[in-house]
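Presented below is the structure to which this report refers.
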Amino acid sequence: MPATASAGPLRVGLAGVGRFGQLHASVLADLPGVELCALADPDPVSLARVADRHGVMARYGDALDLIADDSLDAVVLATPDEQHGPQARTALARGRHLFVEKPLAASWHDARELQQLAAQAGVTLQTGLILRYEPSHRWLRQRIVDGAFGDLVSIRARRNCSRSSFAAIADRIHTVHRTLIHDIDLLLWFSGSRVTSVVAMEVRQGDHLAPQGCFALLRLADGAVAQLESSWTVPAQAPANVLTDDWQGCIDAELAVVGSQRTARIQGLQTPLQVWSDHAQQHPDMTLWPEADGRVFGALRDQLADFTGCLRRGEASTVANLDDAVEALRIAEAVITAGRQGEVVSVSARG
Ligand SMILES: NC(=O)c1ccc[n+]([C@@H]2O[C@H](COP(=O)([O-])OP(=O)(O)OC[C@H]3O[C@@H](n4cnc5c(N)ncnc54)[C@H](O)[C@@H]3O)[C@@H](O)[C@H]2O)c1
């Protein structure tokens with residue numbers, strides 16, 4: 001893994017300064033050893049607001065123009081999901097180190113191609129696996145790997161999102177690629193095993209690319225079973241736990257791990273901080289991307305610190321695993337196929 005050539009700060013460009021990209025910008029502008037040098041977004045108002053906030057001079061109307069900026073060491077893509085694959089291909093072909101928000105690409109085929117391109121170019125390719133940097137998930141995974149849970153029996157994960165957010169993704173990306181991909185990654189990371197078969201069901205209301213709900217049972221090679229659920233059904237009065245300056249919503253997430261020796265649960269809405277008003281309840285998450293004093297902390301910061309720190313030291317990340325990210329897209333496709341066809345789908349061993 002080659003270190004970046006310059007001895008100065010790592011020069012990073014960020015494409016996409018929407019809801020999540022703004023958080024990336026705050027982190028990248030604040031990380032030691034990193035200079036946020038360029039931003040891209042076709043929305044001139046968002047672009048100017050975020051660039052002015054962080055004093056970024058190089059501003060582009062499209063990710064591809066930013067990728068062509070040869071003064072950059074690395075590029076971060078927080079663009080709409082369906083654009084990741086083509087933009088990542090261009091960035092890797094130009095020899096940029098690259099962080100791509102999840103999903104890495106729209107298909108397993110595209111993800112494998114990106115992995116090959118990165119290997120050929122000798123650059124780092126990392127994708128958003130944010131829960132690997134969240135303290136409770138990290139703590140739990142370490143105990144599982146250390147054997148404290150004995151043999152894994154089952155993993156159950158729920159990730160239900162605000163109904164009001166559905167319209168923004170309904171015709172752009174499948175629910176499995178948008179949200180369930182997090183839980184597929186956790187499954188691979190916690191179990192260290194591979195998925196051998198999948199059965200799934202979708203709930204569709206209306207004629208959208210994304211189903212409102214997706215429910216899957218997966219068999220692992222070590223004999224354990226996983227039950228994953230993701231939907232866009234959480235009503236507006238649910239406590240808001242995901243908050244930014246101009247948006248708030250709810251991710252009702254829960255993870256349960258059952259082993260032969262122990263069981264554990266992580267409950268997303270049971271936050272220690274709870275705020276009530278006459279109109280709403282907030283349970284602000286303090287682990288993923290909490291903001292205070294104009295800075296962003298938590299797992300998002302740790303993830304970008306890992307990406308940029310590894311680049312500066314010329315090391316590979318011990319947390320992010322590209323093989324797993326690519327494999328997760330293969331399993332995602334098996335879940336989508338099983339949901340559409342209503343049949344058991346077998347998943348062969350990794351090639
Ligand atoms: N890891 C997580 O937990 C997590 C959470 C939320 C979002 N995300 C991911 O972050 C990405 C962005 O999501 P979001 O919620 O911020 O979406 P968003 O729609 O709010 O923001 C996308 C931004 O990209 C801009 N854009 C569109 N086309 C572009 C182009 N060609 N070049 C540059 N910019 C372009 C848009 O104008 C917009 O500002 C998605 O891939 C999403 O899946 C990850």
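Going by the structure tokens order, chains are called A, B, ..., each with residues numbered from 1, while ligands are numbered from 1 in the order shown.
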
Select from chain A every residue with an atom at most 8 Å from any atom of ligand 1, then for each give the shortest pair of atoms and their distance in Å to one decimal, using only C-alpha atoms and all ligand atoms, rows by chain and rising number, as JSON lines.
{"residue": "A:Ala15", "atom": "CA", "partner": "ligand 1", "partner_atom_place_in_ligand_line": "33 (C)", "distance": 4.7}
{"residue": "A:Gly16", "atom": "CA", "partner": "ligand 1", "partner_atom_place_in_ligand_line": "24 (O)", "distance": 3.6}
{"residue": "A:Val17", "atom": "CA", "partner": "ligand 1", "partner_atom_place_in_ligand_line": "39 (O)", "distance": 4.6}
{"residue": "A:Gly18", "atom": "CA", "partner": "ligand 1", "partner_atom_place_in_ligand_line": "21 (O)", "distance": 3.3}
{"residue": "A:Arg19", "atom": "CA", "partner": "ligand 1", "partner_atom_place_in_ligand_line": "16 (O)", "distance": 3.8}
{"residue": "A:Phe20", "atom": "CA", "partner": "ligand 1", "partner_atom_place_in_ligand_line": "16 (O)", "distance": 3.5}
{"residue": "A:Gly21", "atom": "CA", "partner": "ligand 1", "partner_atom_place_in_ligand_line": "16 (O)", "distance": 5.1}
{"residue": "A:Gln22", "atom": "CA", "partner": "ligand 1", "partner_atom_place_in_ligand_line": "16 (O)", "distance": 7.4}
{"residue": "A:Ala40", "atom": "CA", "partner": "ligand 1", "partner_atom_place_in_ligand_line": "33 (C)", "distance": 4.9}
{"residue": "A:Asp41", "atom": "CA", "partner": "ligand 1", "partner_atom_place_in_ligand_line": "34 (N)", "distance": 3.7}
{"residue": "A:Pro42", "atom": "CA", "partner": "ligand 1", "partner_atom_place_in_ligand_line": "37 (O)", "distance": 5.2}
{"residue": "A:Asp43", "atom": "CA", "partner": "ligand 1", "partner_atom_place_in_ligand_line": "37 (O)", "distance": 4.9}
{"residue": "A:Ser46", "atom": "CA", "partner": "ligand 1", "partner_atom_place_in_ligand_line": "39 (O)", "distance": 6.7}
{"residue": "A:Leu47", "atom": "CA", "partner": "ligand 1", "partner_atom_place_in_ligand_line": "39 (O)", "distance": 7.9}
{"residue": "A:Tyr60", "atom": "CA", "partner": "ligand 1", "partner_atom_place_in_ligand_line": "33 (C)", "distance": 7.9}
{"residue": "A:Gly61", "atom": "CA", "partner": "ligand 1", "partner_atom_place_in_ligand_line": "32 (N)", "distance": 6.5}
{"residue": "A:Asp62", "atom": "CA", "partner": "ligand 1", "partner_atom_place_in_ligand_line": "32 (N)", "distance": 3.8}
{"residue": "A:Ala63", "atom": "CA", "partner": "ligand 1", "partner_atom_place_in_ligand_line": "32 (N)", "distance": 3.7}
{"residue": "A:Leu64", "atom": "CA", "partner": "ligand 1", "partner_atom_place_in_ligand_line": "32 (N)", "distance": 6.8}
{"residue": "A:Leu77", "atom": "CA", "partner": "ligand 1", "partner_atom_place_in_ligand_line": "11 (C)", "distance": 7.6}
{"residue": "A:Ala78", "atom": "CA", "partner": "ligand 1", "partner_atom_place_in_ligand_line": "11 (C)", "distance": 4.3}
{"residue": "A:Thr79", "atom": "CA", "partner": "ligand 1", "partner_atom_place_in_ligand_line": "24 (O)", "distance": 3.9}
{"residue": "A:Pro80", "atom": "CA", "partner": "ligand 1", "partner_atom_place_in_ligand_line": "22 (C)", "distance": 4.8}
{"residue": "A:Asp81", "atom": "CA", "partner": "ligand 1", "partner_atom_place_in_ligand_line": "41 (O)", "distance": 3.9}
{"residue": "A:Glu82", "atom": "CA", "partner": "ligand 1", "partner_atom_place_in_ligand_line": "41 (O)", "distance": 7.7}
{"residue": "A:Gln83", "atom": "CA", "partner": "ligand 1", "partner_atom_place_in_ligand_line": "31 (N)", "distance": 7.1}
{"residue": "A:His84", "atom": "CA", "partner": "ligand 1", "partner_atom_place_in_ligand_line": "41 (O)", "distance": 7.2}
{"residue": "A:Val100", "atom": "CA", "partner": "ligand 1", "partner_atom_place_in_ligand_line": "41 (O)", "distance": 7.8}
{"residue": "A:Glu101", "atom": "CA", "partner": "ligand 1", "partner_atom_place_in_ligand_line": "41 (O)", "distance": 5.1}
{"residue": "A:Lys102", "atom": "CA", "partner": "ligand 1", "partner_atom_place_in_ligand_line": "43 (O)", "distance": 5.2}
{"residue": "A:Pro103", "atom": "CA", "partner": "ligand 1", "partner_atom_place_in_ligand_line": "43 (O)", "distance": 6.2}
{"residue": "A:Gly128", "atom": "CA", "partner": "ligand 1", "partner_atom_place_in_ligand_line": "1 (N)", "distance": 5.4}
{"residue": "A:Leu129", "atom": "CA", "partner": "ligand 1", "partner_atom_place_in_ligand_line": "1 (N)", "distance": 6.5}
{"residue": "A:Ile130", "atom": "CA", "partner": "ligand 1", "partner_atom_place_in_ligand_line": "1 (N)", "distance": 5.3}
{"residue": "A:Leu131", "atom": "CA", "partner": "ligand 1", "partner_atom_place_in_ligand_line": "3 (O)", "distance": 7.8}
{"residue": "A:Ala168", "atom": "CA", "partner": "ligand 1", "partner_atom_place_in_ligand_line": "19 (O)", "distance": 7.7}
{"residue": "A:Arg178", "atom": "CA", "partner": "ligand 1", "partner_atom_place_in_ligand_line": "43 (O)", "distance": 5.7}
{"residue": "A:Thr179", "atom": "CA", "partner": "ligand 1", "partner_atom_place_in_ligand_line": "43 (O)", "distance": 7.8}
{"residue": "A:His182", "atom": "CA", "partner": "ligand 1", "partner_atom_place_in_ligand_line": "3 (O)", "distance": 7.9}
{"residue": "A:Leu288", "atom": "CA", "partner": "ligand 1", "partner_atom_place_in_ligand_line": "3 (O)", "distance": 7.9}
{"residue": "A:Leu300", "atom": "CA", "partner": "ligand 1", "partner_atom_place_in_ligand_line": "1 (N)", "distance": 7.7}

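Using only C-alpha atoms, the residues found no farther than 10 Å from Leu23 (chain A), other than those of its own chain fewer than 6 positions away, are Val17, Ala29, Val50, Ala78, Thr244, Trp289, Pro290, Glu291, Arg295, Val296, Phe297, Leu300 and Arg301 of chain A.
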
Exercise for the section: Assign secondary structure with DSSP using the backbone only, and return the residues of region 106-267 of chain A in strand (DSSP E) as a PyMOL selection string. Expected result: chain A and resi 125-127+152-162+195-203+213-220+225-234+242-244+247-249+251-259+263-267

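When only C-alpha atoms are used to measure the gap to His177 (chain A), the shortest distance among A:Pro239, A:Gly150, A:Pro211, A:Gly13 belongs to A:Pro211.
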
Exercise for the section: Identify, on the basis of only C-alpha atoms, every residue whose closest approach to Thr233 (chain A) does not exceed 9 Å; exclude the query and any residue fewer than 3 positions from it along the same chain; express the result as a PyMOL selection string. Expected result: chain A and resi 160-164+166+212-213

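Of the residues under consideration (A:Ser348, A:Thr337, A:Ser71, A:Gln303), A:Thr337 shows the shortest atom-to-atom contact distance to Ala216 (chain A) when counting only C-alpha atoms.
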
Handout entry: Picked from region 126-254 of chain A by DSSP as alpha helix (DSSP H), as a PyMOL selection string
Key = chain A and resi 135-146+166-169+175+181-191

Generate the output file for the selected residues, C-alpha atoms, as a tab-separated table (two decimals), in the first residue's frame.
chain	number	residue	atom	x	y	z
A	135	PRO	CA	-18.25	1.72	19.47
A	136	SER	CA	-21.01	-0.74	20.52
A	137	HIS	CA	-20.76	-2.73	17.28
A	138	ARG	CA	-16.98	-2.68	17.47
A	139	TRP	CA	-16.95	-3.81	21.11
A	140	LEU	CA	-19.41	-6.61	20.42
A	141	ARG	CA	-17.59	-7.85	17.34
A	142	GLN	CA	-14.31	-8.08	19.30
A	143	ARG	CA	-15.96	-10.30	21.93
A	144	ILE	CA	-17.47	-12.52	19.25
A	145	VAL	CA	-14.09	-12.88	17.53
A	146	ASP	CA	-12.44	-13.61	20.91
A	166	PHE	CA	-38.90	7.04	1.16
A	167	ALA	CA	-39.85	9.37	-1.72
A	168	ALA	CA	-36.24	10.56	-2.07
A	169	ILE	CA	-34.93	7.07	-2.80
A	175	THR	CA	-33.96	-0.86	-0.23
A	181	ILE	CA	-26.35	-3.36	2.97
A	182	HIS	CA	-25.24	-2.14	6.44
A	183	ASP	CA	-26.63	-5.26	8.06
A	184	ILE	CA	-25.27	-7.61	5.41
A	185	ASP	CA	-21.85	-6.12	6.15
A	186	LEU	CA	-22.33	-6.60	9.92
A	187	LEU	CA	-23.26	-10.21	9.27
A	188	LEU	CA	-20.03	-10.85	7.35
A	189	TRP	CA	-17.94	-8.92	9.88
A	190	PHE	CA	-19.42	-10.52	13.01
A	191	SER	CA	-19.57	-14.08	11.73

Fill in the blank from the handout: As a check of understanding: the span from CA of Ala224 (chain A) to CA of Glu202 (chain A) is 22.6 Å

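CA of Ala236 (chain A) is found 28.4 Å from CA of Arg132 (chain A).
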
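Counting only C-alpha atoms and comparing A:Gly223, A:Ala332, A:Ala25, A:Arg159, the residue that lies closest to Arg49 (chain A) is A:Ala25.
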
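Distances to Arg350 (chain A) were evaluated for A:Thr196, A:Thr308, A:Ser107, A:Ser317 using only C-alpha atoms, and the minimum falls at A:Thr196.
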
Exercise for the section: Could you check which of A:Gln274, A:Arg340, A:Glu134, A:Ile251 is closest to Val319 (chain A), using only C-alpha atoms? Expected result: A:Glu134

Practice task
Determine, counting only C-alpha atoms, which protein, DNA and RNA residues have an atom within 10 Å of an atom of Leu36 (chain A); residues of the same chain fewer than 5 positions away are not included. Present the result as an NGL selection string.
Solution key: :A and (9-14 or 25-31 or 51 or 54-58 or 72 or 74-75)

Problem - Straight-line distance linking CA of Ala328 (chain A) with CA of Arg156 (chain A), stated in Å to one decimal - result: 16.5 Å

Exercise for the section: Select, from A:Thr271, A:Ser165, A:Ala280, A:Glu35, the residue with the minimum atom-to-atom distance to Trp247 (chain A), counting only C-alpha atoms. Expected result: A:Ser165

Quick one: residues within 12 Å of Val275 (chain A), only C-alpha atoms counted, chain neighbours fewer than 4 positions away excluded, as a compact mmCIF listing (two decimals) with C-alpha atoms, in the first residue's frame?
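Written file, result.txt:
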# COMPACT_ATOMS: atom_id res chain seq x y z
CA PRO A 239 -38.47 9.97 18.21
CA ALA A 240 -35.95 11.59 15.85
CA ASN A 241 -32.49 10.12 16.36
CA THR A 271 -30.08 6.70 23.55
CA HIS A 279 -44.31 18.91 19.51
CA ALA A 280 -41.59 16.30 19.24
CA GLN A 281 -39.25 13.87 20.92
CA GLN A 282 -35.59 13.71 19.99
CA HIS A 283 -33.29 10.84 20.94
CA PRO A 284 -30.15 12.21 19.28
CA ASP A 285 -27.65 9.53 18.34
